[in-house]
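> Got input-v6.txt for you, compact mmCIF, C-alpha atoms:
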# COMPACT_ATOMS: atom_id res chain seq x y z
CA CYS Q 1 127.45 56.06 -69.01
CA SER Q 2 125.53 53.55 -66.87
CA SER Q 3 124.97 56.08 -64.05
CA ASP Q 4 123.33 58.49 -66.49
CA LEU Q 5 120.99 55.70 -67.60
CA THR Q 6 120.21 54.86 -64.00
CA LEU Q 7 119.50 58.48 -63.06
CA LYS Q 8 117.27 58.90 -66.10
CA HIS Q 9 115.07 56.06 -64.83
CA TYR Q 10 115.35 57.25 -61.21
CA ARG Q 11 113.97 60.67 -62.16
CA SER Q 12 111.22 59.34 -64.39
CA ALA Q 13 107.58 59.25 -63.34
CA THR Q 14 107.48 55.44 -63.35
CA LEU Q 15 110.33 53.10 -62.41
CA GLY Q 16 109.22 50.00 -64.32
CA VAL Q 17 109.33 47.69 -61.29
CA ASP Q 18 109.02 43.94 -61.83
CA GLN Q 19 109.90 40.82 -59.83
CA LYS Q 20 112.60 38.20 -60.36
CA SER Q 21 112.14 34.49 -59.72
CA ASP Q 22 113.14 34.93 -56.06
CA ALA Q 23 110.47 37.66 -55.64
CA SER Q 24 113.10 40.40 -55.26
CA PRO Q 25 112.42 43.61 -57.19
CA VAL Q 26 114.05 44.48 -60.49
CA THR Q 27 113.59 47.70 -62.45
CA ALA Q 28 114.12 48.91 -65.98
CA ALA Q 29 117.17 50.75 -64.66
CA ASP Q 30 118.76 47.46 -63.48
CA LEU Q 31 118.44 45.98 -66.95
CA ALA Q 32 119.58 49.08 -68.86
CA ALA Q 33 122.67 49.48 -66.66
CA HIS Q 34 123.42 45.75 -66.92
CA HIS Q 35 123.57 45.80 -70.70
CA TYR Q 36 125.68 48.96 -70.81
CA ILE Q 37 128.25 47.80 -68.24
CA VAL Q 38 128.64 44.32 -69.72
CA ASP Q 39 129.18 45.78 -73.19
CA GLN Q 40 131.84 48.15 -71.82
CA LEU Q 41 133.68 45.57 -69.70
CA GLU Q 42 133.90 42.67 -72.12
CA PRO Q 43 136.66 44.27 -74.25
CA VAL Q 44 138.72 45.49 -71.24
CA LEU Q 45 140.20 42.08 -70.38
CA GLU Q 46 139.92 39.77 -73.35
CA GLY Q 47 138.35 36.45 -72.51
CA VAL Q 48 137.48 37.41 -68.91
CA GLU Q 49 133.86 36.62 -68.09
CA VAL Q 50 131.53 39.37 -66.90
CA ILE Q 51 129.02 38.04 -64.36
CA SER Q 52 126.21 40.41 -63.50
CA GLU Q 53 123.36 40.01 -61.06
CA GLU Q 54 121.02 40.26 -64.01
CA SER Q 55 122.73 37.43 -65.93
CA ALA Q 56 123.51 35.04 -63.05
CA GLU Q 57 120.14 33.30 -63.15
CA ALA Q 58 120.40 32.68 -66.89
CA ARG Q 59 123.79 30.96 -66.40
CA GLY Q 60 122.41 28.77 -63.62
CA PHE Q 61 124.14 30.54 -60.71
CA SER Q 62 127.19 28.38 -61.38
CA ALA Q 63 130.64 29.55 -60.30
CA PRO Q 64 133.06 30.53 -63.07
CA THR Q 65 135.69 28.04 -64.15
CA GLU Q 66 138.42 30.68 -64.54
CA ASP Q 67 140.38 32.33 -61.71
CA GLN Q 68 139.71 35.87 -63.02
CA PHE Q 69 136.26 37.34 -63.65
CA TRP Q 70 134.22 40.51 -63.23
CA LEU Q 71 131.33 40.76 -60.77
CA VAL Q 72 128.78 43.46 -61.51
CA ASP Q 73 125.75 44.73 -59.64
CA PRO Q 74 124.29 47.29 -62.05
CA LEU Q 75 121.95 48.64 -59.38
CA ASP Q 76 122.70 47.70 -55.79
CA GLY Q 77 120.03 48.82 -53.36
CA THR Q 78 116.98 48.40 -55.57
CA LYS Q 79 114.70 49.02 -52.58
CA GLU Q 80 116.49 52.32 -51.95
CA PHE Q 81 116.12 53.14 -55.65
CA ILE Q 82 112.39 52.43 -55.54
CA SER Q 83 111.93 54.49 -52.37
CA ARG Q 84 113.98 57.27 -54.02
CA ASN Q 85 116.21 57.91 -51.01
CA GLY Q 86 119.32 58.10 -53.21
CA GLU Q 87 121.31 55.35 -51.45
CA PHE Q 88 121.77 53.01 -54.39
CA THR Q 89 125.01 52.25 -56.19
CA VAL Q 90 126.54 50.88 -59.36
CA ASN Q 91 129.15 48.23 -58.47
CA VAL Q 92 131.95 46.72 -60.55
CA GLY Q 93 134.53 44.39 -59.01
CA LEU Q 94 137.35 42.26 -60.42
CA ILE Q 95 137.95 38.88 -58.78
CA GLU Q 96 141.31 37.16 -59.05
CA ASN Q 97 141.99 33.80 -57.39
CA GLY Q 98 138.98 34.17 -55.14
CA ARG Q 99 139.79 37.68 -53.90
CA PRO Q 100 138.46 41.11 -54.98
CA THR Q 101 141.39 43.11 -56.35
CA LEU Q 102 139.79 46.13 -58.06
CA GLY Q 103 136.49 47.82 -57.35
CA VAL Q 104 134.37 50.81 -58.33
CA VAL Q 105 131.32 51.94 -56.36
CA TYR Q 106 129.30 54.92 -57.56
CA ALA Q 107 126.19 56.40 -55.95
CA PRO Q 108 124.92 58.66 -58.76
CA ALA Q 109 121.99 60.24 -56.92
CA VAL Q 110 124.27 61.59 -54.17
CA ASP Q 111 127.35 61.84 -56.40
CA ARG Q 112 129.69 59.73 -54.28
CA LEU Q 113 132.39 57.76 -56.10
CA PHE Q 114 134.85 55.29 -54.57
CA TRP Q 115 137.40 53.06 -56.26
CA SER Q 116 140.51 50.98 -55.65
CA GLU Q 117 143.67 50.51 -57.67
CA GLY Q 118 145.33 47.76 -55.64
CA PRO Q 119 146.79 47.43 -52.12
CA GLY Q 120 147.03 50.75 -50.29
CA ARG Q 121 145.36 52.66 -53.10
CA ALA Q 122 141.72 53.47 -52.34
CA PHE Q 123 140.17 56.76 -53.44
CA THR Q 124 137.09 58.92 -53.46
CA GLN Q 125 136.34 61.97 -55.56
CA LYS Q 126 135.89 65.44 -54.10
CA ASN Q 127 135.47 68.61 -56.14
CA GLY Q 128 136.45 66.67 -59.24
CA LYS Q 129 139.75 65.46 -57.77
CA ALA Q 130 140.88 62.03 -56.56
CA VAL Q 131 141.47 61.96 -52.81
CA GLN Q 132 143.09 58.94 -51.17
CA ILE Q 133 141.15 57.34 -48.33
CA ALA Q 134 142.13 54.97 -45.53
CA ALA Q 135 140.21 52.95 -42.97
CA ARG Q 136 140.88 53.90 -39.38
CA THR Q 137 141.59 51.94 -36.23
CA LYS Q 138 138.78 51.65 -33.69
CA PRO Q 139 138.33 54.92 -31.76
CA ALA Q 140 138.84 54.74 -28.01
CA ASP Q 141 135.19 55.62 -27.38
CA GLY Q 142 133.80 52.73 -29.47
CA TYR Q 143 132.81 51.75 -32.98
CA VAL Q 144 130.79 53.90 -35.33
CA VAL Q 145 128.59 51.20 -36.83
CA VAL Q 146 126.83 51.39 -40.17
CA ALA Q 147 123.92 48.99 -40.65
CA SER Q 148 121.70 48.00 -43.54
CA ARG Q 149 118.70 50.27 -44.00
CA SER Q 150 116.51 47.57 -45.56
CA HIS Q 151 117.94 44.28 -44.26
CA SER Q 152 118.86 44.59 -40.59
CA SER Q 153 118.41 41.51 -38.41
CA SER Q 154 118.09 40.51 -34.77
CA GLU Q 155 121.34 38.53 -35.13
CA GLU Q 156 123.18 41.73 -35.95
CA ASP Q 157 121.57 43.46 -32.98
CA GLU Q 158 122.77 40.66 -30.70
CA TYR Q 159 126.29 40.82 -32.16
CA LEU Q 160 126.50 44.56 -31.51
CA LYS Q 161 125.83 43.90 -27.83
CA THR Q 162 129.19 42.09 -27.71
CA VAL Q 163 131.35 44.97 -29.01
CA PRO Q 164 131.85 48.58 -27.84
CA VAL Q 165 129.52 50.77 -29.89
CA LYS Q 166 129.55 54.55 -29.98
CA SER Q 167 126.75 55.02 -32.50
CA VAL Q 168 124.73 53.18 -35.14
CA THR Q 169 123.55 54.70 -38.40
CA SER Q 170 121.78 53.17 -41.39
CA ALA Q 171 122.72 53.31 -45.05
CA GLY Q 172 121.76 51.51 -48.21
CA SER Q 173 123.68 49.39 -50.71
CA SER Q 174 127.48 48.97 -50.84
CA LEU Q 175 128.01 52.51 -49.57
CA LYS Q 176 128.43 50.89 -46.15
CA PHE Q 177 131.74 49.29 -47.18
CA CYS Q 178 132.92 52.62 -48.54
CA LEU Q 179 132.05 54.55 -45.39
CA VAL Q 180 134.26 52.15 -43.44
CA ALA Q 181 136.98 52.47 -46.10
CA ALA Q 182 136.87 56.27 -45.83
CA GLY Q 183 137.13 56.26 -42.03
CA GLU Q 184 133.59 57.61 -41.66
CA ALA Q 185 132.52 54.40 -39.91
CA ASP Q 186 134.32 51.47 -38.31
CA LEU Q 187 132.11 48.41 -38.52
CA TYR Q 188 129.47 46.95 -40.84
CA PRO Q 189 128.04 43.58 -39.75
CA ARG Q 190 125.77 41.74 -42.19
CA PHE Q 191 124.42 38.33 -41.24
CA GLY Q 192 121.54 38.07 -43.70
CA THR Q 193 121.77 36.71 -47.22
CA THR Q 194 123.91 38.55 -49.75
CA ASN Q 195 125.40 37.58 -53.08
CA GLU Q 196 128.94 38.06 -54.30
CA TRP Q 197 128.01 40.88 -56.69
CA ASP Q 198 126.58 42.78 -53.69
CA THR Q 199 129.96 42.81 -51.94
CA ALA Q 200 132.83 42.45 -54.44
CA ALA Q 201 133.36 46.10 -55.40
CA GLY Q 202 132.96 47.49 -51.88
CA HIS Q 203 135.14 44.71 -50.48
CA ALA Q 204 137.91 45.63 -52.94
CA VAL Q 205 137.74 49.29 -51.93
CA LEU Q 206 137.83 48.42 -48.22
CA ASN Q 207 140.77 46.04 -48.67
CA ALA Q 208 142.73 48.72 -50.52
CA ALA Q 209 141.96 51.19 -47.72
CA GLY Q 210 143.48 48.89 -45.11
CA GLY Q 211 140.30 47.29 -43.80
CA LYS Q 212 138.94 43.80 -44.29
CA VAL Q 213 135.83 41.67 -44.64
CA VAL Q 214 135.70 38.46 -42.63
CA THR Q 215 133.16 35.74 -41.95
CA ARG Q 216 131.77 35.24 -38.47
CA GLU Q 217 134.46 32.59 -38.01
CA GLY Q 218 137.17 35.16 -38.75
CA THR Q 219 138.27 33.96 -42.21
CA GLU Q 220 138.43 36.32 -45.18
CA LEU Q 221 135.25 36.45 -47.26
CA GLY Q 222 136.03 34.59 -50.50
CA TYR Q 223 134.55 34.54 -54.00
CA ALA Q 224 133.65 32.07 -56.79
CA LYS Q 225 131.50 30.09 -54.35
CA PRO Q 226 128.77 27.75 -55.63
CA THR Q 227 125.60 29.80 -56.34
CA PHE Q 228 127.50 33.01 -55.39
CA LYS Q 229 125.86 33.12 -51.95
CA ASN Q 230 127.82 34.79 -49.14
CA PRO Q 231 127.79 33.70 -45.51
CA GLY Q 232 127.32 36.32 -42.82
CA PHE Q 233 130.24 38.73 -42.63
CA ILE Q 234 131.74 41.66 -40.77
CA ALA Q 235 133.37 44.53 -42.66
CA LYS Q 236 135.71 46.55 -40.48
CA GLY Q 237 138.55 49.05 -40.43
CA ARG Q 238 142.11 48.51 -39.27
CA ASP Q 239 142.86 46.33 -36.25
How would this structure read if it were set down as structure tokens?


Amino acid sequence: CSSDLTLKHYRSATLGVDQKSDASPVTAADLAAHHYIVDQLEPVLEGVEVISEESAEARGFSAPTEDQFWLVDPLDGTKEFISRNGEFTVNVGLIENGRPTLGVVYAPAVDRLFWSEGPGRAFTQKNGKAVQIAARTKPADGYVVVASRSHSSSEEDEYLKTVPVKSVTSAGSSLKFCLVAAGEADLYPRFGTTNEWDTAAGHAVLNAAGGKVVTREGTELGYAKPTFKNPGFIAKGRD
């Protein structure tokens, strides 16, 4: 499977790091996982386009014309992958009418798997068994905040001064959405640049767990935007 391919590269002596046109890093693992996932997804829903981070540039970063499409990040957290801290994920999300409805997030190096099966049905895997998860309401003593390990910003620091915070920890990739979905954290603000494939799968899991992802203006983060660029957002548990 794609995670086996990714781990094979992760454990190799060299990672095959290159640069994309925007100067962001890309590895041989990104490309190998991309090809595997796209080949596996294309037959699942006939005629539904699979848009991957590694194919978006080739298609001109143009939004899909159909209301249903897959969004794939074959290796989210490339900087974490390169630093070998284990906090990278494989992300697959299904978008329907601008909203993420199904998602799978897997962190192979730390063996954490999260997925959603629709409203109220979010899961993780423990000891080989599916365990349902749910986002929690804000604890009385303040938010447990999870922040980006590689992309934190002063804007996020300023925002956190406006809300009650109990603690702040860092994590890589889309695991941050899943920690909120599992009730291990309460808030994940991200005001820097992200793309839709970075967020779709984790957003779907968090929605299914009872949480939400909103823009700084308070509207739900949507999908199929021109160029796939996201505005700043806040992922949080139950109100």

> Give as a ChimeraX atom specification each residue that has an atom at most 9 Å from (121.1, 45.2, -43.9) in the file, counting all atoms listed in the file.

/Q:147-153,156,170-173,189-192

> Return the single residue from Q:Val92, Q:Ile37, Q:Ala29, Q:Ala63 that is closest to Q:Thr227, with distances computed using all atoms listed in the file.

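Going through Q:Val92, Q:Ile37, Q:Ala29, Q:Ala63 one by one, the smallest distance to Q:Thr227 is for Q:Ala63.
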
> Please compute the atom CA of Q:Ala182-atom CA of Q:Ile133 distance, one decimal, in Å.

5.1 Å

> If we count only C-alpha atoms and set the cut-off at 10 Å, which residues sit around Q:Tyr188, ignoring sequence neighbours fewer than 6 positions away in its own chain? Please answer as a ChimeraX atom specification.

/Q:143-148,156,168,170,176-177,179-180,213,233-237

> State, in Å with one decimal place, the distance from atom CA of Q:Val38 to atom CA of Q:Leu94.

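Rounded to one decimal, the two atoms are 12.9 Å apart.
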
> Return the single residue from Q:Glu155, Q:Asp186, Q:Glu117, Q:Glu53 that is closest to Q:Val205, with distances computed using all atoms listed in the file.

Q:Glu117

> Would you mind reading off the distance between atom CA of Q:Pro226 and atom CA of Q:Ala208, one decimal, in Å?

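The value is 25.7 Å.
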
> Go through Q:Pro119, Q:Pro164, Q:Gly128, Q:Gly86 one by one, measure the shortest atom-to-atom distance of each to Q:Gly142 using only C-alpha atoms, and give the residue with the smallest value.

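So, comparing all the options, the nearest one is Q:Pro164.
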
> Would you pick out the contacts of Q:Lys126 at 9 Å or less, using all atoms listed in the file, so that residues sharing its chain but fewer than 5 positions from it are not included, and give the list as a VMD selection string?

chain Q and resid 112 to 113 131

> Show me, as a PyMOL selection string, the residues that have an atom within 7 Å of Q:Trp70 when counting only C-alpha atoms, minus same-chain residues fewer than 5 positions from it.

chain Q and resi 49-51+93-95

> Please, could you write that set of residues out with C-alpha atoms as a PDB file, keeping the file's coordinate frame?


ATOM      1  CA  GLU Q  49     133.860  36.620 -68.090  1.00  0.00           C
ATOM      2  CA  VAL Q  50     131.530  39.370 -66.900  1.00  0.00           C
ATOM      3  CA  ILE Q  51     129.020  38.040 -64.360  1.00  0.00           C
ATOM      4  CA  GLY Q  93     134.530  44.390 -59.010  1.00  0.00           C
ATOM      5  CA  LEU Q  94     137.350  42.260 -60.420  1.00  0.00           C
ATOM      6  CA  ILE Q  95     137.950  38.880 -58.780  1.00  0.00           C
TER       7      ILE Q  95
END

> Using all atoms listed in the file, which of the listed residues (Q:Glu87, Q:Glu54, Q:Glu80, Q:Glu184) sits closest to Q:Thr137?

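Smallest separation from Q:Thr137 among the options: Q:Glu184.
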
> Calculated over only C-alpha atoms, which of the candidates Q:Gly202, Q:Gly118, Q:Gly98, Q:Gly77 has the smallest distance to Q:Pro64?

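Looking at the shortest contact to Q:Pro64, the residue is Q:Gly98.
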
> May I ask which of the residues Q:Lys166, Q:Arg238, Q:His35, Q:Arg136 is the closest one to Q:Ser55, counting all atoms listed in the file?

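Result for the nearest residue to Q:Ser55: Q:His35.
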
> At a cut-off of 10 Å, using all atoms listed in the file, what residues contact Q:Glu96? Leave out same-chain residues fewer than 3 positions from it and give the result as a PyMOL selection string.

chain Q and resi 66-70+93+99-102+223-224
